[in-house]
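Trainee: Contents of upload-v3.cif (mmCIF, C-alpha atoms and all ligand atoms) are below:
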data_work
loop_
_atom_site.group_PDB
_atom_site.id
_atom_site.type_symbol
_atom_site.label_atom_id
_atom_site.label_comp_id
_atom_site.auth_asym_id
_atom_site.auth_seq_id
_atom_site.Cartn_x
_atom_site.Cartn_y
_atom_site.Cartn_z
ATOM 1 C CA MET A 268 -8.758 -15.714 -2.591
ATOM 2 C CA THR A 269 -11.006 -14.332 -5.295
ATOM 3 C CA TRP A 270 -10.749 -15.164 -8.988
ATOM 4 C CA ILE A 271 -10.404 -12.123 -11.230
ATOM 5 C CA ALA A 272 -11.243 -12.861 -14.845
ATOM 6 C CA GLY A 273 -8.772 -10.999 -17.004
ATOM 7 C CA GLY A 274 -9.508 -8.221 -19.437
ATOM 8 C CA THR A 275 -8.311 -5.058 -21.070
ATOM 9 C CA PHE A 276 -8.698 -1.784 -19.215
ATOM 10 C CA ALA A 277 -7.692 1.858 -19.121
ATOM 11 C CA MET A 278 -4.989 2.081 -16.463
ATOM 12 C CA GLY A 279 -4.140 5.346 -14.759
ATOM 13 C CA SER A 280 -6.040 8.611 -14.511
ATOM 14 C CA ALA A 281 -5.743 12.053 -16.079
ATOM 15 C CA ASP A 282 -7.754 13.762 -13.345
ATOM 16 C CA PHE A 283 -5.587 13.687 -10.231
ATOM 17 C CA TYR A 284 -1.797 13.453 -9.747
ATOM 18 C CA PRO A 285 0.889 13.504 -12.483
ATOM 19 C CA GLU A 286 2.300 10.065 -11.633
ATOM 20 C CA GLU A 287 -1.025 8.479 -12.652
ATOM 21 C CA ARG A 288 -0.667 9.705 -16.235
ATOM 22 C CA PRO A 289 -0.980 8.945 -19.029
ATOM 23 C CA VAL A 290 -4.091 6.779 -19.128
ATOM 24 C CA HIS A 291 -3.147 3.794 -21.250
ATOM 25 C CA GLN A 292 -4.573 0.442 -22.306
ATOM 26 C CA VAL A 293 -3.372 -2.675 -20.533
ATOM 27 C CA ALA A 294 -4.458 -6.323 -20.706
ATOM 28 C CA VAL A 295 -4.193 -8.773 -17.842
ATOM 29 C CA ASP A 296 -4.872 -12.499 -17.836
ATOM 30 C CA GLY A 297 -7.089 -14.035 -15.173
ATOM 31 C CA PHE A 298 -5.542 -14.414 -11.710
ATOM 32 C CA TRP A 299 -6.407 -15.054 -8.081
ATOM 33 C CA ILE A 300 -5.955 -12.320 -5.510
ATOM 34 C CA ASP A 301 -6.381 -12.297 -1.746
ATOM 35 C CA THR A 302 -9.898 -11.098 -0.939
ATOM 36 C CA ALA A 303 -8.470 -8.850 1.780
ATOM 37 C CA PRO A 304 -5.040 -7.690 2.926
ATOM 38 C CA VAL A 305 -2.898 -10.193 4.854
ATOM 39 C CA THR A 306 -3.967 -9.992 8.493
ATOM 40 C CA VAL A 307 -1.989 -10.017 11.718
ATOM 41 C CA THR A 308 -3.281 -13.561 12.377
ATOM 42 C CA GLN A 309 -2.076 -14.792 8.999
ATOM 43 C CA PHE A 310 1.308 -13.124 9.359
ATOM 44 C CA ARG A 311 1.726 -14.523 12.875
ATOM 45 C CA ARG A 312 1.172 -18.045 11.521
ATOM 46 C CA PHE A 313 3.926 -17.457 8.945
ATOM 47 C CA VAL A 314 6.356 -16.185 11.591
ATOM 48 C CA LYS A 315 5.579 -19.064 13.954
ATOM 49 C CA GLN A 316 6.231 -21.655 11.257
ATOM 50 C CA THR A 317 9.366 -20.105 9.814
ATOM 51 C CA GLY A 318 10.954 -18.024 12.579
ATOM 52 C CA TYR A 319 11.044 -15.158 10.092
ATOM 53 C CA VAL A 320 12.345 -11.827 11.410
ATOM 54 C CA THR A 321 11.080 -8.738 9.596
ATOM 55 C CA LEU A 322 13.341 -5.945 8.431
ATOM 56 C CA ALA A 323 12.002 -3.596 11.119
ATOM 57 C CA GLU A 324 13.071 -6.095 13.774
ATOM 58 C CA ARG A 325 16.698 -6.160 12.552
ATOM 59 C CA ALA A 326 19.333 -3.474 13.161
ATOM 60 C CA PRO A 327 20.186 -1.651 9.924
ATOM 61 C CA VAL A 328 23.749 -2.286 8.726
ATOM 62 C CA ALA A 329 25.790 0.929 8.986
ATOM 63 C CA ALA A 330 27.521 0.337 5.629
ATOM 64 C CA ASP A 331 24.138 0.466 3.884
ATOM 65 C CA TYR A 332 23.347 3.878 5.374
ATOM 66 C CA PRO A 333 26.569 5.920 5.344
ATOM 67 C CA ALA A 334 24.724 9.196 5.946
ATOM 68 C CA ALA A 335 22.626 7.968 8.845
ATOM 69 C CA ASP A 336 22.939 9.029 12.463
ATOM 70 C CA PRO A 337 24.411 5.907 14.172
ATOM 71 C CA ALA A 338 21.932 6.407 17.017
ATOM 72 C CA LEU A 339 19.152 5.631 14.557
ATOM 73 C CA LEU A 340 20.689 2.353 13.357
ATOM 74 C CA VAL A 341 18.563 0.306 15.702
ATOM 75 C CA PRO A 342 15.591 -1.925 14.917
ATOM 76 C CA GLY A 343 12.489 0.163 14.440
ATOM 77 C CA SER A 344 9.934 1.484 12.007
ATOM 78 C CA LEU A 345 8.037 4.598 10.977
ATOM 79 C CA VAL A 346 5.016 5.375 13.121
ATOM 80 C CA PHE A 347 2.390 7.989 12.389
ATOM 81 C CA GLN A 348 2.057 10.517 15.181
ATOM 82 C CA PRO A 349 -0.790 12.993 14.810
ATOM 83 C CA ALA A 350 0.033 16.663 15.187
ATOM 84 C CA THR A 351 -1.755 18.786 17.760
ATOM 85 C CA GLY A 352 -2.582 21.487 15.241
ATOM 86 C CA PRO A 353 -1.967 22.562 11.636
ATOM 87 C CA VAL A 354 1.617 21.932 10.456
ATOM 88 C CA ASP A 355 3.717 22.489 7.344
ATOM 89 C CA LEU A 356 2.463 19.743 5.017
ATOM 90 C CA ARG A 357 5.700 19.822 3.022
ATOM 91 C CA ASP A 358 7.649 18.223 5.854
ATOM 92 C CA VAL A 359 6.600 14.634 6.592
ATOM 93 C CA ARG A 360 8.640 14.705 9.795
ATOM 94 C CA ASN A 361 5.733 16.656 11.235
ATOM 95 C CA TRP A 362 3.812 13.379 11.472
ATOM 96 C CA TRP A 363 6.215 10.490 10.849
ATOM 97 C CA ALA A 364 8.661 9.353 13.539
ATOM 98 C CA TYR A 365 11.232 6.567 13.421
ATOM 99 C CA VAL A 366 10.335 4.655 16.587
ATOM 100 C CA PRO A 367 12.891 2.155 17.923
ATOM 101 C CA GLY A 368 11.150 -1.115 18.702
ATOM 102 C CA ALA A 369 8.173 -0.458 16.440
ATOM 103 C CA SER A 370 7.331 -3.527 14.347
ATOM 104 C CA TRP A 371 4.367 -5.597 13.237
ATOM 105 C CA ARG A 372 4.149 -6.907 16.813
ATOM 106 C CA HIS A 373 4.284 -3.415 18.332
ATOM 107 C CA PRO A 374 2.649 -1.098 15.786
ATOM 108 C CA GLU A 375 3.079 2.078 17.847
ATOM 109 C CA GLY A 376 6.370 0.978 19.412
ATOM 110 C CA PRO A 377 7.250 -0.741 22.698
ATOM 111 C CA GLY A 378 4.253 -0.913 24.958
ATOM 112 C CA SER A 379 1.782 -1.219 22.102
ATOM 113 C CA ASP A 380 0.485 -4.626 21.106
ATOM 114 C CA LEU A 381 -1.933 -6.371 18.806
ATOM 115 C CA SER A 382 -4.840 -6.824 21.184
ATOM 116 C CA ARG A 383 -8.113 -6.533 19.294
ATOM 117 C CA ARG A 384 -6.127 -6.222 16.055
ATOM 118 C CA ASP A 385 -5.870 -9.882 15.000
ATOM 119 C CA GLN A 386 -8.085 -9.272 11.998
ATOM 120 C CA HIS A 387 -6.450 -5.972 11.051
ATOM 121 C CA PRO A 388 -3.955 -5.876 8.175
ATOM 122 C CA VAL A 389 -0.398 -6.567 9.260
ATOM 123 C CA THR A 390 1.715 -3.396 9.076
ATOM 124 C CA HIS A 391 5.411 -2.495 9.388
ATOM 125 C CA VAL A 392 6.308 -4.906 6.605
ATOM 126 C CA ALA A 393 9.012 -3.910 4.133
ATOM 127 C CA PHE A 394 8.899 -5.115 0.525
ATOM 128 C CA GLY A 395 11.156 -8.097 1.266
ATOM 129 C CA ASP A 396 8.919 -9.132 4.163
ATOM 130 C CA ALA A 397 5.906 -9.197 1.862
ATOM 131 C CA LEU A 398 7.871 -11.265 -0.670
ATOM 132 C CA ALA A 399 8.936 -13.721 2.040
ATOM 133 C CA TYR A 400 5.363 -14.191 3.213
ATOM 134 C CA ALA A 401 4.130 -14.674 -0.348
ATOM 135 C CA ALA A 402 6.801 -17.300 -1.049
ATOM 136 C CA TRP A 403 5.864 -19.163 2.143
ATOM 137 C CA ALA A 404 2.191 -19.086 1.125
ATOM 138 C CA GLY A 405 3.038 -20.394 -2.359
ATOM 139 C CA LYS A 406 1.884 -17.129 -3.876
ATOM 140 C CA GLU A 407 3.355 -13.953 -5.353
ATOM 141 C CA LEU A 408 2.756 -10.242 -5.072
ATOM 142 C CA PRO A 409 0.359 -8.741 -7.626
ATOM 143 C CA THR A 410 1.745 -6.526 -10.341
ATOM 144 C CA GLU A 411 0.556 -2.934 -10.338
ATOM 145 C CA ALA A 412 -1.616 -3.652 -13.389
ATOM 146 C CA GLU A 413 -3.251 -6.663 -11.731
ATOM 147 C CA TRP A 414 -3.808 -4.724 -8.521
ATOM 148 C CA GLU A 415 -5.399 -1.775 -10.300
ATOM 149 C CA PHE A 416 -7.574 -3.977 -12.513
ATOM 150 C CA ALA A 417 -8.822 -5.808 -9.405
ATOM 151 C CA ALA A 418 -9.383 -2.555 -7.483
ATOM 152 C CA ARG A 419 -11.563 -1.136 -10.238
ATOM 153 C CA GLY A 420 -14.060 -3.947 -9.682
ATOM 154 C CA GLY A 421 -15.298 -3.732 -13.255
ATOM 155 C CA LEU A 422 -16.077 0.007 -13.180
ATOM 156 C CA ALA A 423 -14.248 1.331 -16.219
ATOM 157 C CA GLY A 424 -12.548 4.661 -15.618
ATOM 158 C CA ALA A 425 -14.288 5.411 -12.293
ATOM 159 C CA ALA A 426 -12.410 7.619 -9.833
ATOM 160 C CA PHE A 427 -13.074 5.336 -6.859
ATOM 161 C CA ALA A 428 -13.438 1.589 -6.368
ATOM 162 C CA TRP A 429 -17.197 2.177 -5.913
ATOM 163 C CA GLY A 430 -17.859 4.869 -8.540
ATOM 164 C CA ASP A 431 -17.190 8.552 -9.075
ATOM 165 C CA GLU A 432 -18.557 10.024 -5.860
ATOM 166 C CA LEU A 433 -16.263 10.362 -2.860
ATOM 167 C CA ALA A 434 -18.913 9.573 -0.257
ATOM 168 C CA PRO A 435 -22.252 8.715 -1.906
ATOM 169 C CA GLY A 436 -25.100 9.877 0.314
ATOM 170 C CA GLY A 437 -22.506 10.820 2.920
ATOM 171 C CA GLU A 438 -21.537 7.180 3.430
ATOM 172 C CA GLN A 439 -17.851 6.444 4.041
ATOM 173 C CA LEU A 440 -16.953 3.449 1.869
ATOM 174 C CA ALA A 441 -13.339 3.039 2.972
ATOM 175 C CA ASN A 442 -11.128 3.669 5.978
ATOM 176 C CA THR A 443 -9.519 6.990 5.105
ATOM 177 C CA TRP A 444 -8.993 10.312 6.927
ATOM 178 C CA GLN A 445 -11.821 12.807 7.230
ATOM 179 C CA GLY A 446 -10.839 16.276 8.402
ATOM 180 C CA GLU A 447 -7.654 18.301 8.244
ATOM 181 C CA PHE A 448 -4.526 16.167 8.034
ATOM 182 C CA PRO A 449 -2.544 15.418 10.188
ATOM 183 C CA TRP A 450 -4.191 16.804 13.295
ATOM 184 C CA GLN A 451 -7.983 16.708 12.981
ATOM 185 C CA ASN A 452 -9.361 13.211 12.448
ATOM 186 C CA LEU A 453 -13.150 13.471 12.433
ATOM 187 C CA LEU A 454 -13.552 9.656 12.408
ATOM 188 C CA LEU A 455 -16.653 9.727 10.214
ATOM 189 C CA ASP A 456 -15.681 6.197 9.153
ATOM 190 C CA GLY A 457 -15.261 5.037 12.751
ATOM 191 C CA TYR A 458 -11.516 4.299 12.687
ATOM 192 C CA ALA A 459 -8.489 6.378 13.608
ATOM 193 C CA GLY A 460 -5.935 3.726 12.641
ATOM 194 C CA THR A 461 -6.291 0.453 10.761
ATOM 195 C CA SER A 462 -9.628 -1.368 10.685
ATOM 196 C CA PRO A 463 -10.495 -5.076 10.614
ATOM 197 C CA VAL A 464 -10.321 -6.348 7.044
ATOM 198 C CA GLY A 465 -13.799 -6.562 5.565
ATOM 199 C CA ALA A 466 -15.232 -3.803 7.774
ATOM 200 C CA PHE A 467 -16.169 -1.868 4.641
ATOM 201 C CA THR A 468 -18.263 -2.949 1.659
ATOM 202 C CA ALA A 469 -16.489 -5.028 -0.991
ATOM 203 C CA ASN A 470 -15.964 -3.680 -4.486
ATOM 204 C CA GLY A 471 -17.604 -5.089 -7.622
ATOM 205 C CA TYR A 472 -15.269 -8.084 -7.636
ATOM 206 C CA GLY A 473 -15.944 -8.899 -3.983
ATOM 207 C CA LEU A 474 -12.604 -7.534 -2.764
ATOM 208 C CA HIS A 475 -12.255 -5.690 0.530
ATOM 209 C CA ASP A 476 -10.002 -2.775 1.419
ATOM 210 C CA MET A 477 -8.806 -2.047 -2.115
ATOM 211 C CA ALA A 478 -9.194 1.563 -0.977
ATOM 212 C CA GLY A 479 -7.884 2.933 2.291
ATOM 213 C CA ASN A 480 -6.960 1.024 5.454
ATOM 214 C CA VAL A 481 -3.363 0.247 4.388
ATOM 215 C CA TRP A 482 -1.274 0.880 1.288
ATOM 216 C CA GLU A 483 -0.286 -2.394 -0.377
ATOM 217 C CA TRP A 484 3.007 -3.437 -1.953
ATOM 218 C CA THR A 485 3.033 -4.536 -5.580
ATOM 219 C CA SER A 486 5.878 -6.186 -7.469
ATOM 220 C CA ASP A 487 6.523 -3.286 -9.870
ATOM 221 C CA TYR A 488 9.398 -0.856 -9.662
ATOM 222 C CA PHE A 489 8.164 2.727 -9.448
ATOM 223 C CA ARG A 490 8.397 5.016 -12.440
ATOM 224 C CA SER A 491 7.190 8.585 -12.039
ATOM 225 C CA ARG A 492 4.877 8.236 -15.068
ATOM 226 C CA HIS A 493 3.163 5.435 -16.943
ATOM 227 C CA GLN A 494 4.330 4.391 -20.387
ATOM 228 C CA PRO A 495 2.070 5.886 -23.075
ATOM 229 C CA ASP A 496 -0.170 3.755 -25.259
ATOM 230 C CA ALA A 497 1.491 1.702 -27.922
ATOM 231 C CA ALA A 498 1.104 3.172 -31.396
ATOM 232 C CA LYS A 499 -0.781 0.142 -32.721
ATOM 233 C CA ALA A 500 -3.841 -1.563 -31.256
ATOM 234 C CA CYS A 501 -2.049 -4.875 -31.706
ATOM 235 C CA CYS A 502 0.423 -3.877 -29.058
ATOM 236 C CA VAL A 503 -1.594 -3.385 -25.893
ATOM 237 C CA PRO A 504 0.820 -4.600 -23.191
ATOM 238 C CA ARG A 505 -0.262 -7.954 -21.738
ATOM 239 C CA ASN A 506 0.538 -8.595 -18.068
ATOM 240 C CA PRO A 507 3.012 -5.724 -17.901
ATOM 241 C CA ARG A 508 5.359 -5.662 -14.960
ATOM 242 C CA VAL A 509 8.064 -3.120 -14.311
ATOM 243 C CA GLY A 510 10.126 -5.623 -12.450
ATOM 244 C CA ALA A 511 12.623 -7.167 -14.772
ATOM 245 C CA GLU A 512 14.836 -4.132 -14.761
ATOM 246 C CA ASP A 513 15.677 -1.710 -11.980
ATOM 247 C CA VAL A 514 14.403 1.685 -13.069
ATOM 248 C CA ARG A 515 16.080 3.660 -10.301
ATOM 249 C CA GLY A 516 17.109 7.221 -11.004
ATOM 250 C CA PRO A 517 20.790 8.120 -10.504
ATOM 251 C CA ALA A 518 20.048 9.878 -7.186
ATOM 252 C CA GLU A 519 18.013 7.015 -5.774
ATOM 253 C CA GLN A 520 20.107 4.803 -3.531
ATOM 254 C CA ILE A 521 17.299 2.492 -2.524
ATOM 255 C CA PRO A 522 14.991 1.092 -5.218
ATOM 256 C CA ARG A 523 11.329 1.953 -4.919
ATOM 257 C CA ARG A 524 8.362 -0.293 -5.607
ATOM 258 C CA VAL A 525 4.809 0.759 -6.307
ATOM 259 C CA ILE A 526 2.333 0.817 -3.447
ATOM 260 C CA LYS A 527 -1.394 1.079 -4.159
ATOM 261 C CA GLY A 528 -4.712 1.792 -2.525
ATOM 262 C CA GLY A 529 -4.016 4.578 -0.073
ATOM 263 C CA SER A 530 -4.481 4.228 3.663
ATOM 264 C CA HIS A 531 -6.319 5.405 6.741
ATOM 265 C CA LEU A 532 -4.047 8.456 6.573
ATOM 266 C CA CYS A 533 -5.254 9.605 3.140
ATOM 267 C CA ALA A 534 -7.195 12.832 3.516
ATOM 268 C CA PRO A 535 -8.760 14.441 0.442
ATOM 269 C CA SER A 536 -7.299 17.768 1.597
ATOM 270 C CA TYR A 537 -3.769 16.395 1.479
ATOM 271 C CA CYS A 538 -3.552 13.085 -0.381
ATOM 272 C CA LEU A 539 -6.567 11.887 -2.363
ATOM 273 C CA ARG A 540 -5.006 8.515 -3.047
ATOM 274 C CA PHE A 541 -7.570 5.948 -1.963
ATOM 275 C CA ARG A 542 -8.337 5.362 -5.647
ATOM 276 C CA PRO A 543 -7.483 2.513 -8.037
ATOM 277 C CA ALA A 544 -5.264 4.694 -10.252
ATOM 278 C CA ALA A 545 -3.364 6.273 -7.360
ATOM 279 C CA ARG A 546 0.185 5.114 -6.803
ATOM 280 C CA GLN A 547 3.284 5.952 -4.873
ATOM 281 C CA GLY A 548 6.872 4.790 -4.960
ATOM 282 C CA GLU A 549 8.079 3.430 -1.644
ATOM 283 C CA ALA A 550 11.680 2.532 -0.828
ATOM 284 C CA VAL A 551 11.938 -1.231 -0.438
ATOM 285 C CA ASP A 552 13.568 -0.933 2.986
ATOM 286 C CA THR A 553 10.780 1.220 4.396
ATOM 287 C CA SER A 554 8.156 -0.088 6.767
ATOM 288 C CA THR A 555 5.425 1.996 8.321
ATOM 289 C CA SER A 556 2.244 1.816 10.327
ATOM 290 C CA HIS A 557 0.151 2.250 7.185
ATOM 291 C CA ILE A 558 1.637 -0.180 4.635
ATOM 292 C CA GLY A 559 0.617 -3.830 4.281
ATOM 293 C CA PHE A 560 0.051 -6.147 1.328
ATOM 294 C CA ARG A 561 -2.000 -8.907 -0.227
ATOM 295 C CA CYS A 562 -0.917 -11.790 -2.465
ATOM 296 C CA ALA A 563 -1.817 -13.010 -5.938
ATOM 297 C CA LEU A 564 -1.699 -16.385 -7.616
ATOM 298 C CA ARG A 565 -1.533 -17.031 -11.328
ATOM 299 C CA PRO A 566 -2.781 -20.232 -12.949
ATOM 300 C CA GLY A 567 0.021 -22.532 -14.021
HETATM 301 CA CA CA A 601 -10.415 6.478 9.320
#
Could you express the structure from this file as structure tokens?
Ligand SMILES: [Ca+2]

Mentor:
Amino acid sequence: MTWIAGGTFAMGSADFYPEERPVHQVAVDGFWIDTAPVTVTQFRRFVKQTGYVTLAERAPVAADYPAADPALLVPGSLVFQPATGPVDLRDVRNWWAYVPGASWRHPEGPGSDLSRRDQHPVTHVAFGDALAYAAWAGKELPTEAEWEFAARGGLAGAAFAWGDELAPGGEQLANTWQGEFPWQNLLLDGYAGTSPVGAFTANGYGLHDMAGNVWEWTSDYFRSRHQPDAAKACCVPRNPRVGAEDVRGPAEQIPRRVIKGGSHLCAPSYCLRFRPAARQGEAVDTSTSHIGFRCALRPG
């Protein structure tokens, strides 16, 4: 793990997507955070010791999904499947498929395995799976504020974890998607899917893969906007966490938590989200081939 000395910072961004606004001041105390996402090797050790079965490996309970096609109530997970040409980007079914048998052990479904991926981030973990691993490791999940503070690496207000330029000197500094999503992957960074953790340069705090590779779960519930600054300077929120209360909207059956960092599927032309301020809400029962996590540890 890497020690992150606390501080006050401007969280969010006014320059990209609405859910990152408004920029607001936040203070976090010092904390430890995993230097890289949890790897397949680390997750395998956890499963061997505990016999833990991930959500993707269990059959969904029909009562929890009254609207679902019973044929789909089998163990499985969402797998990215590239299109063969340009598709309607408004319909995610053009590149996501629920694949029976897909799980952290079989990232593309039955027949796929983890060979040569031991040092890649574990994927196909739902929020509860990440929590279970963290509890086993004696750790916790980072809050969104901690995660973003760590991702910024000390660069106040920069667009990316390394500065303001997408690819300085043409160099790819994270595992993202170059080309037209979801069919033309130019592989300028060398990886079509996940990459071994640490394959790309660390940020200013020595952390790897805070941008791209896999999205990472945080402990916060998702709200579609940040809270604005407090009216008085005395009241900068300290260690904020949207986790005490469930902030679900009335139409949301499944609560959503914040994921951060973007993934190998983030293409600037479609989803410029491999940035510290970027955020998405993900349903807690969802697992995919591009979401993983890392843990945090707070003194005391
Ligand atoms: Ca890539």

Trainee: Translate the PyMOL selection byres (((chain A and resi 563-566) around 6) and not hetatm), as applied to the file shown, into an explicit residue set as an MDAnalysis selection string.

Mentor: chainID A and resid 298:300 406:409 562 567

Trainee: Using only C-alpha atoms, which residues sit within 10 Å of Tyr400 (chain A) once same-chain residues fewer than 5 positions away are excluded, as a list of chain:residue names?

Mentor: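 Once the nearby chain positions are removed, what remains is A:Val305, A:Gln309, A:Phe310, A:Phe313, A:Val314, A:Thr317, A:Tyr319, A:Val392, A:Gly395, A:Gly405, A:Lys406, A:Glu407, A:Leu408, A:Phe560, A:Arg561, A:Cys562.
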
Trainee: Dump the neighbourhood of ligand CA 601 (chain A) as a PyMOL selection string: all residues within 6 Å, distances computed on all atoms listed in the file.

Mentor: chain A and resi 442-444+454+456+458-459+531

Trainee: Expand the PyMOL selection byres (((chain A and resi 506-521) around 7) and not hetatm) into the individual residues it matches in the shown file, reporting them as a PyMOL selection string.

Mentor: chain A and resi 294-296+410+412+486-488+490+504-505+522-523+550-551

Trainee: Go ahead and dump the residues you just picked, C-alpha atoms, as a PDB file, in the frame of the given file.

Mentor:
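In the end it all went to selection_17.pdb:
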ATOM      1  CA  ALA A 294      -4.458  -6.323 -20.706  1.00  0.00           C
ATOM      2  CA  VAL A 295      -4.193  -8.773 -17.842  1.00  0.00           C
ATOM      3  CA  ASP A 296      -4.872 -12.499 -17.836  1.00  0.00           C
ATOM      4  CA  THR A 410       1.745  -6.526 -10.341  1.00  0.00           C
ATOM      5  CA  ALA A 412      -1.616  -3.652 -13.389  1.00  0.00           C
ATOM      6  CA  SER A 486       5.878  -6.186  -7.469  1.00  0.00           C
ATOM      7  CA  ASP A 487       6.523  -3.286  -9.870  1.00  0.00           C
ATOM      8  CA  TYR A 488       9.398  -0.856  -9.662  1.00  0.00           C
ATOM      9  CA  ARG A 490       8.397   5.016 -12.440  1.00  0.00           C
ATOM     10  CA  PRO A 504       0.820  -4.600 -23.191  1.00  0.00           C
ATOM     11  CA  ARG A 505      -0.262  -7.954 -21.738  1.00  0.00           C
ATOM     12  CA  PRO A 522      14.991   1.092  -5.218  1.00  0.00           C
ATOM     13  CA  ARG A 523      11.329   1.953  -4.919  1.00  0.00           C
ATOM     14  CA  ALA A 550      11.680   2.532  -0.828  1.00  0.00           C
ATOM     15  CA  VAL A 551      11.938  -1.231  -0.438  1.00  0.00           C
TER      16      VAL A 551
END

Trainee: Quick one: distance from CA of Ala330 (chain A) to CA of Gly548 (chain A) in Å, one decimal?

Mentor: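 Going from CA of Ala330 (chain A) over to CA of Gly548 (chain A) covers 23.6 Å.
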
Trainee: Could you tell me which residues the PyMOL selection byres (((chain A and resi 542) around 8) and not hetatm) returns for this structure, as a list in words?

Mentor: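 Output from the PyMOL selection byres (((chain A and resi 542) around 8) and not hetatm), applied to this file: Ala426, Phe427, Ala428, Ala478, Gly528, Gly529, Leu539, Arg540, Phe541, Pro543, Ala544 and Ala545 of chain A.
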
Trainee: Mind pulling up the distance from CA of Ala369 (chain A) to CA of Gly318 (chain A)?

Mentor: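 A separation of 18.2 Å between them.
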